[in-house]
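What follows is model.pdb (PDB, C-alpha atoms (C1' of nucleotides)).
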ATOM      1  CA  MET A   1     233.991 -49.015  40.114
ATOM      2  CA  ILE A   2     231.233 -48.170  37.670
ATOM      3  CA  TYR A   3     228.051 -50.192  37.978
ATOM      4  CA  SER A   4     227.200 -52.527  35.146
ATOM      5  CA  SER A   5     224.642 -50.825  33.003
ATOM      6  CA  GLU A   6     221.821 -53.297  33.662
ATOM      7  CA  LEU A   7     221.729 -52.222  37.293
ATOM      8  CA  ILE A   8     220.930 -48.625  36.559
ATOM      9  CA  LYS A   9     218.179 -49.622  34.180
ATOM     10  CA  GLY A  10     214.825 -48.588  35.462
ATOM     11  CA  THR A  11     216.220 -46.108  37.960
ATOM     12  CA  LEU A  12     217.118 -43.227  35.679
ATOM     13  CA  LYS A  13     213.717 -41.554  35.830
ATOM     14  CA  THR A  14     213.632 -41.879  39.588
ATOM     15  CA  ILE A  15     217.087 -40.347  39.959
ATOM     16  CA  VAL A  16     216.286 -37.414  37.699
ATOM     17  CA  LEU A  17     212.934 -36.737  39.367
ATOM     18  CA  LYS A  18     214.506 -36.846  42.818
ATOM     19  CA  LEU A  19     217.269 -34.431  41.842
ATOM     20  CA  LEU A  20     214.795 -32.014  40.321
ATOM     21  CA  SER A  21     212.574 -32.175  43.373
ATOM     22  CA  THR A  22     215.453 -31.032  45.570
ATOM     23  CA  HIS A  23     217.040 -28.415  43.310
ATOM     24  CA  THR A  24     214.347 -25.975  42.060
ATOM     25  CA  LYS A  25     215.860 -26.021  38.564
ATOM     26  CA  MET A  26     218.634 -27.806  36.731
ATOM     27  CA  TYR A  27     219.774 -28.223  33.139
ATOM     28  CA  GLY A  28     220.742 -31.459  31.432
ATOM     29  CA  TYR A  29     224.480 -31.252  31.559
ATOM     30  CA  GLU A  30     224.308 -30.138  35.185
ATOM     31  CA  ILE A  31     222.319 -33.255  36.044
ATOM     32  CA  THR A  32     224.933 -35.574  34.556
ATOM     33  CA  GLN A  33     227.668 -33.815  36.536
ATOM     34  CA  LYS A  34     225.698 -33.780  39.767
ATOM     35  CA  VAL A  35     224.977 -37.487  39.622
ATOM     36  CA  LYS A  36     228.608 -38.208  38.829
ATOM     37  CA  GLU A  37     229.687 -36.075  41.778
ATOM     38  CA  LEU A  38     227.163 -37.400  44.291
ATOM     39  CA  THR A  39     227.899 -41.016  43.429
ATOM     40  CA  LEU A  40     231.687 -40.607  43.302
ATOM     41  CA  ASP A  41     231.726 -41.476  39.593
ATOM     42  CA  LYS A  42     229.913 -44.753  40.144
ATOM     43  CA  ILE A  43     226.873 -43.696  38.160
ATOM     44  CA  GLN A  44     227.538 -41.967  34.872
ATOM     45  CA  ILE A  45     224.427 -40.823  33.079
ATOM     46  CA  THR A  46     225.083 -40.645  29.370
ATOM     47  CA  GLU A  47     223.542 -37.848  27.383
ATOM     48  CA  GLY A  48     221.986 -40.293  24.971
ATOM     49  CA  ALA A  49     219.987 -41.664  27.873
ATOM     50  CA  LEU A  50     219.324 -38.412  29.690
ATOM     51  CA  TYR A  51     217.853 -36.196  26.998
ATOM     52  CA  PRO A  52     215.201 -38.658  25.835
ATOM     53  CA  THR A  53     214.281 -39.180  29.486
ATOM     54  CA  LEU A  54     213.957 -35.449  30.133
ATOM     55  CA  HIS A  55     211.795 -35.066  27.044
ATOM     56  CA  ALA A  56     209.618 -37.931  28.183
ATOM     57  CA  LEU A  57     209.204 -36.408  31.644
ATOM     58  CA  GLU A  58     208.228 -33.154  30.021
ATOM     59  CA  SER A  59     205.633 -34.704  27.758
ATOM     60  CA  GLU A  60     204.199 -36.532  30.770
ATOM     61  CA  GLY A  61     203.788 -33.202  32.527
ATOM     62  CA  LEU A  62     206.130 -34.131  35.356
ATOM     63  CA  VAL A  63     208.596 -31.342  34.640
ATOM     64  CA  THR A  64     208.419 -27.897  33.067
ATOM     65  CA  THR A  65     211.119 -26.141  31.064
ATOM     66  CA  GLU A  66     212.484 -22.686  30.447
ATOM     67  CA  THR A  67     215.263 -21.784  28.059
ATOM     68  CA  GLU A  68     217.990 -19.325  28.890
ATOM     69  CA  TYR A  69     221.026 -18.084  27.016
ATOM     70  CA  ILE A  70     224.424 -17.837  28.623
ATOM     71  CA  GLY A  71     226.202 -15.727  25.997
ATOM     72  CA  LYS A  72     225.229 -17.484  22.783
ATOM     73  CA  ARG A  73     224.979 -20.900  24.352
ATOM     74  CA  MET A  74     221.573 -22.302  25.076
ATOM     75  CA  ARG A  75     220.662 -23.724  28.418
ATOM     76  CA  LYS A  76     217.377 -25.529  29.005
ATOM     77  CA  TYR A  77     216.288 -25.590  32.610
ATOM     78  CA  TYR A  78     213.987 -28.258  33.982
ATOM     79  CA  SER A  79     211.808 -27.822  37.053
ATOM     80  CA  ILE A  80     209.586 -30.288  38.863
ATOM     81  CA  SER A  81     205.808 -29.827  38.478
ATOM     82  CA  PRO A  82     203.210 -30.588  41.149
ATOM     83  CA  ALA A  83     202.407 -33.858  39.388
ATOM     84  CA  GLY A  84     206.133 -34.512  39.256
ATOM     85  CA  THR A  85     206.433 -34.107  43.013
ATOM     86  CA  VAL A  86     203.725 -36.692  43.558
ATOM     87  CA  LYS A  87     205.361 -39.050  41.076
ATOM     88  CA  THR A  88     208.749 -38.594  42.722
ATOM     89  CA  ASN A  89     207.405 -39.641  46.088
ATOM     90  CA  GLU A  90     205.719 -42.675  44.592
ATOM     91  CA  LYS A  91     208.849 -43.763  42.761
ATOM     92  CA  VAL A  92     211.183 -43.221  45.691
ATOM     93  CA  THR A  93     208.852 -45.094  48.023
ATOM     94  CA  GLU A  94     208.574 -47.971  45.599
ATOM     95  CA  PHE A  95     212.318 -48.088  45.148
ATOM     96  CA  ALA A  96     212.929 -48.041  48.908
ATOM     97  CA  ASP A  97     210.566 -50.982  49.281
ATOM     98  CA  PHE A  98     212.311 -52.776  46.449
ATOM     99  CA  LEU A  99     215.677 -52.248  48.155
ATOM    100  CA  ASN A 100     214.351 -53.805  51.351
ATOM    101  CA  THR A 101     213.034 -56.788  49.480
ATOM    102  CA  MET A 102     216.303 -57.258  47.627
ATOM    103  CA  THR A 103     218.348 -56.870  50.797
ATOM    104  CA  PHE A 104     216.414 -59.740  52.291
ATOM    105  CA  LEU A 105     216.439 -61.830  49.136
ATOM    106  CA  LEU A 106     220.161 -61.466  48.545
ATOM    107  CA  ASP A 107     220.916 -61.733  52.248
ATOM    108  CA  ILE A 108     222.865 -58.498  52.277
ATOM    109  CA  LYS A 109     224.345 -57.354  55.554
ATOM    110  CA  THR A 110     223.439 -53.730  56.070
ATOM    111  CA  THR A 111     226.056 -51.531  57.648
ATOM    112  CA  THR A 112     224.766 -48.981  60.127
ATOM    113  CA  ALA A 113     226.582 -45.848  59.098
TER     114      ALA A 113
ATOM    115  CA  MET B   1     202.100 -54.130  45.590
ATOM    116  CA  ILE B   2     203.988 -55.575  42.646
ATOM    117  CA  TYR B   3     207.052 -53.640  41.555
ATOM    118  CA  SER B   4     206.927 -51.946  38.185
ATOM    119  CA  SER B   5     208.764 -54.143  35.759
ATOM    120  CA  GLU B   6     211.561 -51.695  35.008
ATOM    121  CA  LEU B   7     212.815 -52.069  38.566
ATOM    122  CA  ILE B   8     213.477 -55.762  38.344
ATOM    123  CA  LYS B   9     215.358 -55.272  35.116
ATOM    124  CA  GLY B  10     218.985 -56.024  35.589
ATOM    125  CA  THR B  11     218.504 -57.943  38.820
ATOM    126  CA  LEU B  12     216.988 -61.158  37.498
ATOM    127  CA  LYS B  13     220.301 -62.897  36.902
ATOM    128  CA  THR B  14     221.521 -61.893  40.333
ATOM    129  CA  ILE B  15     218.380 -63.226  42.004
ATOM    130  CA  VAL B  16     218.535 -66.538  40.178
ATOM    131  CA  LEU B  17     222.257 -66.984  40.852
ATOM    132  CA  LYS B  18     221.813 -66.206  44.539
ATOM    133  CA  LEU B  19     218.965 -68.686  44.904
ATOM    134  CA  LEU B  20     220.923 -71.419  43.178
ATOM    135  CA  SER B  21     223.971 -70.754  45.326
ATOM    136  CA  THR B  22     221.936 -71.383  48.474
ATOM    137  CA  HIS B  23     219.812 -74.339  47.330
ATOM    138  CA  THR B  24     222.098 -77.024  45.771
ATOM    139  CA  LYS B  25     219.587 -77.599  42.965
ATOM    140  CA  MET B  26     216.329 -76.092  41.776
ATOM    141  CA  TYR B  27     214.136 -76.327  38.696
ATOM    142  CA  GLY B  28     212.581 -73.438  36.802
ATOM    143  CA  TYR B  29     209.068 -73.513  38.099
ATOM    144  CA  GLU B  30     210.394 -73.939  41.635
ATOM    145  CA  ILE B  31     212.445 -70.758  41.245
ATOM    146  CA  THR B  32     209.427 -68.690  40.229
ATOM    147  CA  GLN B  33     207.489 -69.977  43.237
ATOM    148  CA  LYS B  34     210.356 -69.476  45.664
ATOM    149  CA  VAL B  35     210.876 -65.870  44.616
ATOM    150  CA  LYS B  36     207.149 -65.211  44.840
ATOM    151  CA  GLU B  37     207.073 -66.726  48.321
ATOM    152  CA  LEU B  38     210.207 -65.021  49.659
ATOM    153  CA  THR B  39     209.125 -61.618  48.398
ATOM    154  CA  LEU B  40     205.501 -61.931  49.509
ATOM    155  CA  ASP B  41     204.304 -61.775  45.897
ATOM    156  CA  LYS B  42     206.100 -58.500  45.243
ATOM    157  CA  ILE B  43     208.425 -59.994  42.673
ATOM    158  CA  GLN B  44     206.849 -62.289  40.126
ATOM    159  CA  ILE B  45     209.302 -63.818  37.717
ATOM    160  CA  THR B  46     207.559 -64.642  34.478
ATOM    161  CA  GLU B  47     208.471 -67.823  32.681
ATOM    162  CA  GLY B  48     209.127 -65.882  29.499
ATOM    163  CA  ALA B  49     211.903 -64.098  31.345
ATOM    164  CA  LEU B  50     213.195 -66.966  33.440
ATOM    165  CA  TYR B  51     213.818 -69.678  30.867
ATOM    166  CA  PRO B  52     215.913 -67.531  28.543
ATOM    167  CA  THR B  53     217.879 -66.382  31.592
ATOM    168  CA  LEU B  54     218.508 -69.926  32.769
ATOM    169  CA  HIS B  55     219.616 -70.937  29.299
ATOM    170  CA  ALA B  56     221.953 -67.968  29.174
ATOM    171  CA  LEU B  57     223.463 -68.840  32.556
ATOM    172  CA  GLU B  58     224.007 -72.375  31.338
ATOM    173  CA  SER B  59     225.724 -71.318  28.147
ATOM    174  CA  GLU B  60     227.952 -69.019  30.181
ATOM    175  CA  GLY B  61     228.968 -71.971  32.304
ATOM    176  CA  LEU B  62     227.585 -70.471  35.499
ATOM    177  CA  VAL B  63     225.118 -73.285  36.107
ATOM    178  CA  THR B  64     224.931 -76.954  35.204
ATOM    179  CA  THR B  65     221.806 -78.980  34.491
ATOM    180  CA  GLU B  66     220.444 -82.465  34.964
ATOM    181  CA  THR B  67     217.098 -83.714  33.764
ATOM    182  CA  GLU B  68     214.854 -85.908  35.801
ATOM    183  CA  TYR B  69     211.415 -87.370  35.284
ATOM    184  CA  ILE B  70     208.704 -87.231  37.905
ATOM    185  CA  GLY B  71     206.266 -89.721  36.439
ATOM    186  CA  LYS B  72     206.062 -88.633  32.818
ATOM    187  CA  ARG B  73     206.701 -84.972  33.537
ATOM    188  CA  MET B  74     210.141 -83.587  32.854
ATOM    189  CA  ARG B  75     212.005 -81.589  35.417
ATOM    190  CA  LYS B  76     215.248 -79.803  34.610
ATOM    191  CA  TYR B  77     217.375 -79.109  37.631
ATOM    192  CA  TYR B  78     219.877 -76.291  37.716
ATOM    193  CA  SER B  79     222.922 -76.214  39.987
ATOM    194  CA  ILE B  80     225.504 -73.511  40.525
ATOM    195  CA  SER B  81     228.974 -74.136  39.102
ATOM    196  CA  PRO B  82     232.249 -72.965  40.675
ATOM    197  CA  ALA B  83     232.367 -70.099  38.180
ATOM    198  CA  GLY B  84     228.767 -69.366  39.089
ATOM    199  CA  THR B  85     229.638 -69.083  42.754
ATOM    200  CA  VAL B  86     232.308 -66.524  41.974
ATOM    201  CA  LYS B  87     229.935 -64.609  39.718
ATOM    202  CA  THR B  88     227.213 -64.659  42.377
ATOM    203  CA  ASN B  89     229.511 -63.068  44.933
ATOM    204  CA  GLU B  90     230.556 -60.400  42.469
ATOM    205  CA  LYS B  91     226.983 -59.578  41.551
ATOM    206  CA  VAL B  92     225.687 -59.519  45.116
ATOM    207  CA  THR B  93     228.569 -57.324  46.215
ATOM    208  CA  GLU B  94     227.958 -54.957  43.339
ATOM    209  CA  PHE B  95     224.273 -54.775  44.173
ATOM    210  CA  ALA B  96     224.994 -54.103  47.840
ATOM    211  CA  ASP B  97     227.214 -51.204  46.825
ATOM    212  CA  PHE B  98     224.594 -49.940  44.402
ATOM    213  CA  LEU B  99     222.027 -50.152  47.174
ATOM    214  CA  ASN B 100     224.124 -47.905  49.407
ATOM    215  CA  THR B 101     224.688 -45.406  46.638
ATOM    216  CA  MET B 102     221.003 -45.232  45.763
ATOM    217  CA  THR B 103     219.964 -44.949  49.389
ATOM    218  CA  PHE B 104     222.177 -41.900  49.678
ATOM    219  CA  LEU B 105     221.173 -40.444  46.327
ATOM    220  CA  LEU B 106     217.444 -40.806  46.930
ATOM    221  CA  ASP B 107     217.794 -39.827  50.572
ATOM    222  CA  ILE B 108     216.021 -42.947  51.753
ATOM    223  CA  LYS B 109     215.558 -43.407  55.474
ATOM    224  CA  THR B 110     216.653 -46.892  56.422
ATOM    225  CA  THR B 111     214.599 -48.646  59.056
ATOM    226  CA  THR B 112     216.518 -50.771  61.489
ATOM    227  CA  ALA B 113     214.478 -53.918  61.689
TER     228      ALA B 113
ATOM    229  C1'  DA C   1     245.728 -22.204  17.837
ATOM    230  C1'  DA C   2     244.151 -26.330  19.580
ATOM    231  C1'  DA C   3     242.268 -29.256  22.981
ATOM    232  C1'  DG C   4     238.990 -30.051  26.226
ATOM    233  C1'  DA C   5     234.931 -28.831  28.579
ATOM    234  C1'  DT C   6     230.250 -27.183  28.113
ATOM    235  C1'  DA C   7     225.571 -27.882  26.080
ATOM    236  C1'  DC C   8     222.126 -29.276  23.247
ATOM    237  C1'  DA C   9     220.165 -33.285  20.390
ATOM    238  C1'  DT C  10     219.041 -37.618  17.478
ATOM    239  C1'  DA C  11     219.233 -42.349  15.859
ATOM    240  C1'  DA C  12     220.465 -47.179  15.060
ATOM    241  C1'  DG C  13     221.292 -51.190  17.519
ATOM    242  C1'  DA C  14     221.607 -54.164  21.618
ATOM    243  C1'  DC C  15     219.706 -56.197  25.445
ATOM    244  C1'  DT C  16     216.265 -57.507  28.688
ATOM    245  C1'  DT C  17     211.781 -58.460  29.957
ATOM    246  C1'  DC C  18     206.687 -58.961  29.023
ATOM    247  C1'  DG C  19     202.730 -61.126  27.355
ATOM    248  C1'  DA C  20     200.899 -64.445  24.535
ATOM    249  C1'  DT C  21     200.919 -68.884  23.061
ATOM    250  C1'  DG C  22     201.836 -73.836  22.908
ATOM    251  C1'  DT C  23     202.215 -78.666  24.716
ATOM    252  C1'  DA C  24     201.524 -81.984  28.197
ATOM    253  C1'  DT C  25     200.872 -84.068  32.890
ATOM    254  C1'  DT C  26     199.128 -84.255  37.548
ATOM    255  C1'  DT C  27     196.248 -82.901  41.372
ATOM    256  C1'  DG C  28     192.176 -81.466  43.758
ATOM    257  C1'  DC C  29     187.487 -81.000  44.315
ATOM    258  C1'  DA C  30     182.691 -80.765  43.231
TER     259       DA C  30
ATOM    260  C1'  DT D   1     184.280 -88.955  37.043
ATOM    261  C1'  DG D   2     185.043 -84.953  34.868
ATOM    262  C1'  DC D   3     186.912 -80.415  34.687
ATOM    263  C1'  DA D   4     189.603 -76.632  36.420
ATOM    264  C1'  DA D   5     193.766 -75.398  38.340
ATOM    265  C1'  DA D   6     198.385 -76.218  39.169
ATOM    266  C1'  DT D   7     202.700 -78.033  37.542
ATOM    267  C1'  DA D   8     206.486 -77.847  34.074
ATOM    268  C1'  DC D   9     208.834 -77.115  30.082
ATOM    269  C1'  DA D  10     209.578 -73.789  26.077
ATOM    270  C1'  DT D  11     209.534 -70.148  22.203
ATOM    271  C1'  DC D  12     208.571 -65.769  19.981
ATOM    272  C1'  DG D  13     207.064 -61.096  18.696
ATOM    273  C1'  DA D  14     206.629 -56.730  20.781
ATOM    274  C1'  DA D  15     207.899 -53.196  24.007
ATOM    275  C1'  DG D  16     210.896 -50.528  26.623
ATOM    276  C1'  DT D  17     215.328 -48.725  28.059
ATOM    277  C1'  DC D  18     219.970 -47.662  27.525
ATOM    278  C1'  DT D  19     224.508 -47.554  24.750
ATOM    279  C1'  DT D  20     227.374 -45.991  21.309
ATOM    280  C1'  DA D  21     228.062 -43.130  17.729
ATOM    281  C1'  DT D  22     227.320 -39.033  15.584
ATOM    282  C1'  DG D  23     226.340 -34.097  14.885
ATOM    283  C1'  DT D  24     226.460 -29.034  15.875
ATOM    284  C1'  DA D  25     228.183 -25.184  18.257
ATOM    285  C1'  DT D  26     230.302 -22.272  22.014
ATOM    286  C1'  DC D  27     233.506 -21.236  25.712
ATOM    287  C1'  DT D  28     237.770 -21.778  28.386
ATOM    288  C1'  DT D  29     242.390 -22.839  29.193
ATOM    289  C1'  DT D  30     247.036 -23.516  27.939
TER     290       DT D  30
END
So that I can check it, write out the structure of this file as structure tokens.
Amino acid sequence: MIYSSELIKGTLKTIVLKLLSTHTKMYGYEITQKVKELTLDKIQITEGALYPTLHALESEGLVTTETEYIGKRMRKYYSISPAGTVKTNEKVTEFADFLNTMTFLLDIKTTTA
Amino acid sequence: MIYSSELIKGTLKTIVLKLLSTHTKMYGYEITQKVKELTLDKIQITEGALYPTLHALESEGLVTTETEYIGKRMRKYYSISPAGTVKTNEKVTEFADFLNTMTFLLDIKTTTA
DNA sequence: AAAGATACATAAGACTTCGATGTATTTGCA
DNA sequence: TGCAAATACATCGAAGTCTTATGTATCTTT
């Protein structure tokens, strides 16, 4: 199952920030693969969505970049900034609260893993 | 706290369908108030978002309508259709799954209420 | 040698929601 | 009694986000 695209809307930034705050540095393609892997293919981040998001995060000062070459192929690494760490916590907290609210609203039975 | 609007994106239809599947019939304004009340003001559905959504649900055959007059003021009631009930279950199930995935991905600590 | 994976990026279009605006009635309170 | 606030519908332009398509180029595997 792949989630309908509306669901993921609004969560992309949060996902990317969270990943970067737990991985010191990652490059774009790596992020798409990591999300795919961690979510068992349920969330597929397209490159058309990811790169604009990364650029936006950079221009907001939430991430920093450094470019590296593997052979002749470019690789652009992204790292979380101090402001990005703060923002990540805010976004994750807000999302957690939202999940609680929705669980109640939709009367979802939570399974204790 | 009111959730940033991106978060609600993609969940509006699900919320409306769920409410209608547990309330026999509701009218637009009532839905906005009910959501506000149930979520302790955290989710505010704007009328500019709700009415187009209700009209869309109707044209998809997921809800049926009946108009009533309270004095001179019109009230348009919406009720879930059989197809709507099926759709509601699908959407709620999908959201529940999404919730689990995101909880894992964002490493959210769940509180057992 | 070719296909598929890796790796970046942009851009037009679709879709959803917001915020503003509009009309009209009813209720509450000062 | 008069006026503000709440009730109740609705539309529309603008904004924001993501999809799909497209483009370039390198590396790996068969």
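Residues from chain C found within 9 Å of chain B are C:DT16, C:DT17, C:DC18, C:DG19, C:DA24, C:DT25, C:DT26, counting all atoms listed in the file.
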Q: I would like the residues chosen by the PyMOL selection byres ((chain C and resi 4) around 9) on the shown file; could you give them as a count of residues only?
A: 4
Q: Carefully work through the PyMOL selection byres ((chain D) within 10 of (chain B)) for this structure and note down the residues it includes, as an MDAnalysis selection string.
A: chainID D and resid 7:12 16:17
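Selection check: the PyMOL selection byres ((chain A and resi 102) around 10) on the shown file gives A:Ala96, A:Asp97, A:Phe98, A:Leu99, A:Asn100, A:Thr101, A:Thr103, A:Phe104, A:Leu105, A:Leu106, A:Asp107, A:Ile108, B:Ile8, B:Thr11, B:Ile15, B:Thr39, B:Ile43, B:Val92, B:Phe95, B:Ala96, B:Leu99.
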With C-alpha atoms retained, export the selected residues as a PDB file, keeping the file's coordinate frame.
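Written output follows (part.pdb):
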ATOM      1  CA  ALA A  96     212.929 -48.041  48.908  1.00  0.00           C
ATOM      2  CA  ASP A  97     210.566 -50.982  49.281  1.00  0.00           C
ATOM      3  CA  PHE A  98     212.311 -52.776  46.449  1.00  0.00           C
ATOM      4  CA  LEU A  99     215.677 -52.248  48.155  1.00  0.00           C
ATOM      5  CA  ASN A 100     214.351 -53.805  51.351  1.00  0.00           C
ATOM      6  CA  THR A 101     213.034 -56.788  49.480  1.00  0.00           C
ATOM      7  CA  THR A 103     218.348 -56.870  50.797  1.00  0.00           C
ATOM      8  CA  PHE A 104     216.414 -59.740  52.291  1.00  0.00           C
ATOM      9  CA  LEU A 105     216.439 -61.830  49.136  1.00  0.00           C
ATOM     10  CA  LEU A 106     220.161 -61.466  48.545  1.00  0.00           C
ATOM     11  CA  ASP A 107     220.916 -61.733  52.248  1.00  0.00           C
ATOM     12  CA  ILE A 108     222.865 -58.498  52.277  1.00  0.00           C
TER      13      ILE A 108
ATOM     14  CA  ILE B   8     213.477 -55.762  38.344  1.00  0.00           C
ATOM     15  CA  THR B  11     218.504 -57.943  38.820  1.00  0.00           C
ATOM     16  CA  ILE B  15     218.380 -63.226  42.004  1.00  0.00           C
ATOM     17  CA  THR B  39     209.125 -61.618  48.398  1.00  0.00           C
ATOM     18  CA  ILE B  43     208.425 -59.994  42.673  1.00  0.00           C
ATOM     19  CA  VAL B  92     225.687 -59.519  45.116  1.00  0.00           C
ATOM     20  CA  PHE B  95     224.273 -54.775  44.173  1.00  0.00           C
ATOM     21  CA  ALA B  96     224.994 -54.103  47.840  1.00  0.00           C
ATOM     22  CA  LEU B  99     222.027 -50.152  47.174  1.00  0.00           C
TER      23      LEU B  99
END
**Q.** One-decimal distance in Å that lies between CA of Lys91 (chain A) and CA of His23 (chain A)
**A.** 17.4 Å
Q: May I ask which of the residues A:Tyr69, A:Gln33, A:Leu7, A:Thr14 is the closest one to chain B, counting only C-alpha atoms?
A: A:Leu7
Q. With all atoms listed in the file as the basis for distance, which of A:Thr24, A:Glu66, A:Leu54, A:Glu37 is at the shortest distance from chain B?
A. A:Glu37
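Proximity to chain A was assessed for B:Leu17, B:Ala83, B:Leu62, B:Ala56 counting all atoms listed in the file; the smallest distance is recorded for B:Leu17.
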Complete region 18-32 of chain A at the level of N, CA and C atoms, written as a PDB file, in the frame of the given file.
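Generated output (rebuild15.pdb):
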ATOM      1  N   LYS A  18     214.072 -37.171  41.462  1.00  0.00           N
ATOM      2  CA  LYS A  18     214.506 -36.846  42.818  1.00  0.00           C
ATOM      3  C   LYS A  18     215.426 -35.619  42.834  1.00  0.00           C
ATOM      4  N   LEU A  19     216.364 -35.573  41.921  1.00  0.00           N
ATOM      5  CA  LEU A  19     217.269 -34.431  41.842  1.00  0.00           C
ATOM      6  C   LEU A  19     216.506 -33.133  41.586  1.00  0.00           C
ATOM      7  N   LEU A  20     215.555 -33.209  40.655  1.00  0.00           N
ATOM      8  CA  LEU A  20     214.795 -32.014  40.321  1.00  0.00           C
ATOM      9  C   LEU A  20     213.876 -31.580  41.465  1.00  0.00           C
ATOM     10  N   SER A  21     213.462 -32.539  42.270  1.00  0.00           N
ATOM     11  CA  SER A  21     212.574 -32.175  43.373  1.00  0.00           C
ATOM     12  C   SER A  21     213.328 -31.588  44.553  1.00  0.00           C
ATOM     13  N   THR A  22     214.654 -31.630  44.490  1.00  0.00           N
ATOM     14  CA  THR A  22     215.453 -31.032  45.570  1.00  0.00           C
ATOM     15  C   THR A  22     216.325 -29.875  45.084  1.00  0.00           C
ATOM     16  N   HIS A  23     216.156 -29.460  43.842  1.00  0.00           N
ATOM     17  CA  HIS A  23     217.040 -28.415  43.310  1.00  0.00           C
ATOM     18  C   HIS A  23     216.372 -27.264  42.550  1.00  0.00           C
ATOM     19  N   THR A  24     215.103 -27.030  42.775  1.00  0.00           N
ATOM     20  CA  THR A  24     214.347 -25.975  42.060  1.00  0.00           C
ATOM     21  C   THR A  24     214.506 -25.982  40.537  1.00  0.00           C
ATOM     22  N   LYS A  25     215.708 -25.812  40.005  1.00  0.00           N
ATOM     23  CA  LYS A  25     215.860 -26.021  38.564  1.00  0.00           C
ATOM     24  C   LYS A  25     217.272 -26.444  38.194  1.00  0.00           C
ATOM     25  N   MET A  26     217.343 -27.303  37.194  1.00  0.00           N
ATOM     26  CA  MET A  26     218.634 -27.806  36.731  1.00  0.00           C
ATOM     27  C   MET A  26     218.581 -28.000  35.218  1.00  0.00           C
ATOM     28  N   TYR A  27     219.745 -27.933  34.567  1.00  0.00           N
ATOM     29  CA  TYR A  27     219.774 -28.223  33.139  1.00  0.00           C
ATOM     30  C   TYR A  27     220.479 -29.556  32.924  1.00  0.00           C
ATOM     31  N   GLY A  28     220.285 -30.107  31.727  1.00  0.00           N
ATOM     32  CA  GLY A  28     220.742 -31.459  31.432  1.00  0.00           C
ATOM     33  C   GLY A  28     222.166 -31.774  31.821  1.00  0.00           C
ATOM     34  N   TYR A  29     223.073 -31.000  31.300  1.00  0.00           N
ATOM     35  CA  TYR A  29     224.480 -31.252  31.559  1.00  0.00           C
ATOM     36  C   TYR A  29     224.784 -31.205  33.052  1.00  0.00           C
ATOM     37  N   GLU A  30     224.128 -30.271  33.732  1.00  0.00           N
ATOM     38  CA  GLU A  30     224.308 -30.138  35.185  1.00  0.00           C
ATOM     39  C   GLU A  30     223.883 -31.418  35.908  1.00  0.00           C
ATOM     40  N   ILE A  31     222.811 -32.025  35.430  1.00  0.00           N
ATOM     41  CA  ILE A  31     222.319 -33.255  36.044  1.00  0.00           C
ATOM     42  C   ILE A  31     223.353 -34.371  35.923  1.00  0.00           C
ATOM     43  N   THR A  32     223.917 -34.527  34.727  1.00  0.00           N
ATOM     44  CA  THR A  32     224.933 -35.574  34.556  1.00  0.00           C
ATOM     45  C   THR A  32     226.109 -35.364  35.513  1.00  0.00           C
TER      46      THR A  32
END
